[in-house]
Amino acid sequence: MTVKTQTQKRNRSLYMALVIIIIALLSGLIASLASSLYTRDLTPAPPYTGASTTGYGFPLTWLKKVTIVYPGNPTKYDLSLSGFLADFAFWSLCVGVLTAVIAAILTTVHVRIQKIRKTSGFIGLPF
């Protein structure tokens with residue numbers, strides 16, 4: 001194996017790792033924002049009446065909406081940055097592992113197909 005081929009393989013591996021990281025981060029951000037569609041009621045049990053608290057986000061609640069029943073009091077929103085970052089890390093890790101596994105499977109299949117083509121002499125389609 002020549003030095004040029006080894007360098008090309010190393011560069012391709014680094015490129016694939018960078019692509020996986022970018023996909024994981026972007027998908028983690030999208031999944032974190034989409035997790036805000038999951039709501040849960042965080043209103044304490046009575047005797048705390050007069051306010052309703054709703055939490056948004058999964059697995060951690062990173063956005064809280066407090067609706068006060070009394071007239072003249074606005075709805076308040078509370079963003080938990082640490083909860084959002086934990087959600088972002090969770091979803092990025094999940095997507096990153098899944099993407100890396102799929103990439104490894106596809107690479108293995110591609111290498112085996114190339115070996116079969118070389119040994120059988122079958123040229124096949126040009127892709």
# chains A, B, ... in the order shown; residues from 1 in each chain; ligands from 1
$ residues_around --residues "stretch 6-18 of chain A" --least-positions-apart "6" --cutoff "10 Å" --atoms "only C-alpha atoms" --output "ChimeraX atom specification"
/A:24,100,103
$ select_by_dssp --residues "chain A" --states "alpha helix (DSSP H)" --output "mmCIF file with C-alpha atoms, in the first residue's frame"
data_model
loop_
_atom_site.group_PDB
_atom_site.id
_atom_site.type_symbol
_atom_site.label_atom_id
_atom_site.label_comp_id
_atom_site.auth_asym_id
_atom_site.auth_seq_id
_atom_site.Cartn_x
_atom_site.Cartn_y
_atom_site.Cartn_z
ATOM 1 C CA VAL A 3 1.708 6.389 1.233
ATOM 2 C CA LYS A 4 -0.749 8.248 -0.965
ATOM 3 C CA THR A 5 -3.391 5.547 -0.500
ATOM 4 C CA GLN A 6 -2.898 5.504 3.274
ATOM 5 C CA THR A 7 -3.216 9.285 3.398
ATOM 6 C CA GLN A 8 -6.355 9.173 1.279
ATOM 7 C CA LYS A 9 -7.906 6.562 3.584
ATOM 8 C CA ARG A 10 -7.012 8.603 6.665
ATOM 9 C CA ASN A 11 -8.467 11.768 5.121
ATOM 10 C CA ARG A 12 -11.639 9.911 4.156
ATOM 11 C CA SER A 13 -11.988 8.562 7.707
ATOM 12 C CA LEU A 14 -11.573 12.038 9.168
ATOM 13 C CA TYR A 15 -14.090 13.419 6.691
ATOM 14 C CA MET A 16 -16.634 10.722 7.608
ATOM 15 C CA ALA A 17 -16.113 11.372 11.324
ATOM 16 C CA LEU A 18 -16.681 15.084 10.772
ATOM 17 C CA VAL A 19 -19.840 14.395 8.768
ATOM 18 C CA ILE A 20 -21.164 12.119 11.537
ATOM 19 C CA ILE A 21 -20.466 14.780 14.176
ATOM 20 C CA ILE A 22 -22.203 17.502 12.152
ATOM 21 C CA ILE A 23 -25.216 15.264 11.476
ATOM 22 C CA ALA A 24 -25.409 14.345 15.156
ATOM 23 C CA LEU A 25 -25.262 17.966 16.334
ATOM 24 C CA LEU A 26 -27.817 19.275 13.848
ATOM 25 C CA SER A 27 -30.146 16.353 14.429
ATOM 26 C CA GLY A 28 -29.737 16.731 18.191
ATOM 27 C CA LEU A 29 -30.743 20.373 17.958
ATOM 28 C CA ILE A 30 -33.779 19.555 15.818
ATOM 29 C CA ALA A 31 -34.795 16.682 18.116
ATOM 30 C CA SER A 32 -34.414 18.884 21.207
ATOM 31 C CA LEU A 33 -36.630 21.546 19.709
ATOM 32 C CA ALA A 34 -39.124 18.926 18.555
ATOM 33 C CA LEU A 81 -30.662 26.422 29.726
ATOM 34 C CA SER A 82 -29.115 23.496 31.599
ATOM 35 C CA GLY A 83 -32.177 21.349 30.818
ATOM 36 C CA PHE A 84 -32.028 22.318 27.156
ATOM 37 C CA LEU A 85 -28.295 21.567 26.934
ATOM 38 C CA ALA A 86 -28.845 18.197 28.625
ATOM 39 C CA ASP A 87 -31.629 17.409 26.128
ATOM 40 C CA PHE A 88 -29.366 18.542 23.273
ATOM 41 C CA ALA A 89 -26.545 16.304 24.525
ATOM 42 C CA PHE A 90 -28.923 13.355 24.975
ATOM 43 C CA TRP A 91 -30.438 13.602 21.502
ATOM 44 C CA SER A 92 -27.081 14.334 19.837
ATOM 45 C CA LEU A 93 -25.577 11.257 21.457
ATOM 46 C CA CYS A 94 -28.527 9.073 20.401
ATOM 47 C CA VAL A 95 -28.405 10.291 16.800
ATOM 48 C CA GLY A 96 -24.592 10.158 16.706
ATOM 49 C CA VAL A 97 -24.459 6.526 17.829
ATOM 50 C CA LEU A 98 -27.189 5.568 15.381
ATOM 51 C CA THR A 99 -25.464 7.396 12.516
ATOM 52 C CA ALA A 100 -22.093 5.808 13.339
ATOM 53 C CA VAL A 101 -23.615 2.316 13.410
ATOM 54 C CA ILE A 102 -25.371 2.864 10.073
ATOM 55 C CA ALA A 103 -22.171 4.277 8.539
ATOM 56 C CA ALA A 104 -20.171 1.268 9.777
ATOM 57 C CA ILE A 105 -22.720 -1.151 8.321
ATOM 58 C CA LEU A 106 -22.781 0.644 4.972
ATOM 59 C CA THR A 107 -18.984 0.764 4.836
ATOM 60 C CA THR A 108 -18.732 -2.960 5.592
ATOM 61 C CA VAL A 109 -21.284 -3.790 2.913
ATOM 62 C CA HIS A 110 -19.492 -1.552 0.403
ATOM 63 C CA VAL A 111 -16.108 -3.174 1.116
ATOM 64 C CA ARG A 112 -17.560 -6.677 0.750
ATOM 65 C CA ILE A 113 -19.216 -5.785 -2.543
ATOM 66 C CA GLN A 114 -15.900 -4.400 -3.815
ATOM 67 C CA LYS A 115 -14.117 -7.643 -2.838
ATOM 68 C CA ILE A 116 -16.752 -9.726 -4.606
ATOM 69 C CA ARG A 117 -16.424 -7.602 -7.740
ATOM 70 C CA LYS A 118 -12.628 -7.957 -7.736
ATOM 71 C CA THR A 119 -12.635 -11.726 -7.243
ATOM 72 C CA SER A 120 -15.452 -12.485 -9.685
#
$ select_by_dssp --residues "chain A" --states "strand (DSSP E)" --output "JSON list (two decimals) with C-alpha atoms, in the first residue's frame"
[["chain", "number", "residue", "atom", "x", "y", "z"],
["A", 39, "THR", "CA", -45.93, 18.33, 27.47],
["A", 40, "ARG", "CA", -46.50, 17.36, 31.07],
["A", 41, "ASP", "CA", -48.55, 18.93, 33.81],
["A", 51, "ALA", "CA", -51.87, 28.78, 38.67],
["A", 52, "SER", "CA", -51.28, 26.07, 36.10],
["A", 53, "THR", "CA", -47.76, 24.96, 35.23],
["A", 54, "THR", "CA", -46.97, 23.09, 32.02],
["A", 55, "GLY", "CA", -43.55, 21.64, 31.23],
["A", 56, "TYR", "CA", -42.19, 21.17, 27.72],
["A", 63, "LEU", "CA", -39.39, 25.13, 29.16],
["A", 64, "LYS", "CA", -42.06, 25.90, 31.76],
["A", 65, "LYS", "CA", -45.23, 27.86, 31.17],
["A", 66, "VAL", "CA", -47.00, 29.23, 34.23],
["A", 67, "THR", "CA", -50.55, 30.42, 33.58],
["A", 68, "ILE", "CA", -52.03, 32.42, 36.45],
["A", 76, "LYS", "CA", -44.89, 33.48, 32.36],
["A", 77, "TYR", "CA", -42.31, 31.35, 30.56],
["A", 78, "ASP", "CA", -39.14, 30.00, 32.14],
["A", 79, "LEU", "CA", -36.35, 28.56, 29.99]]
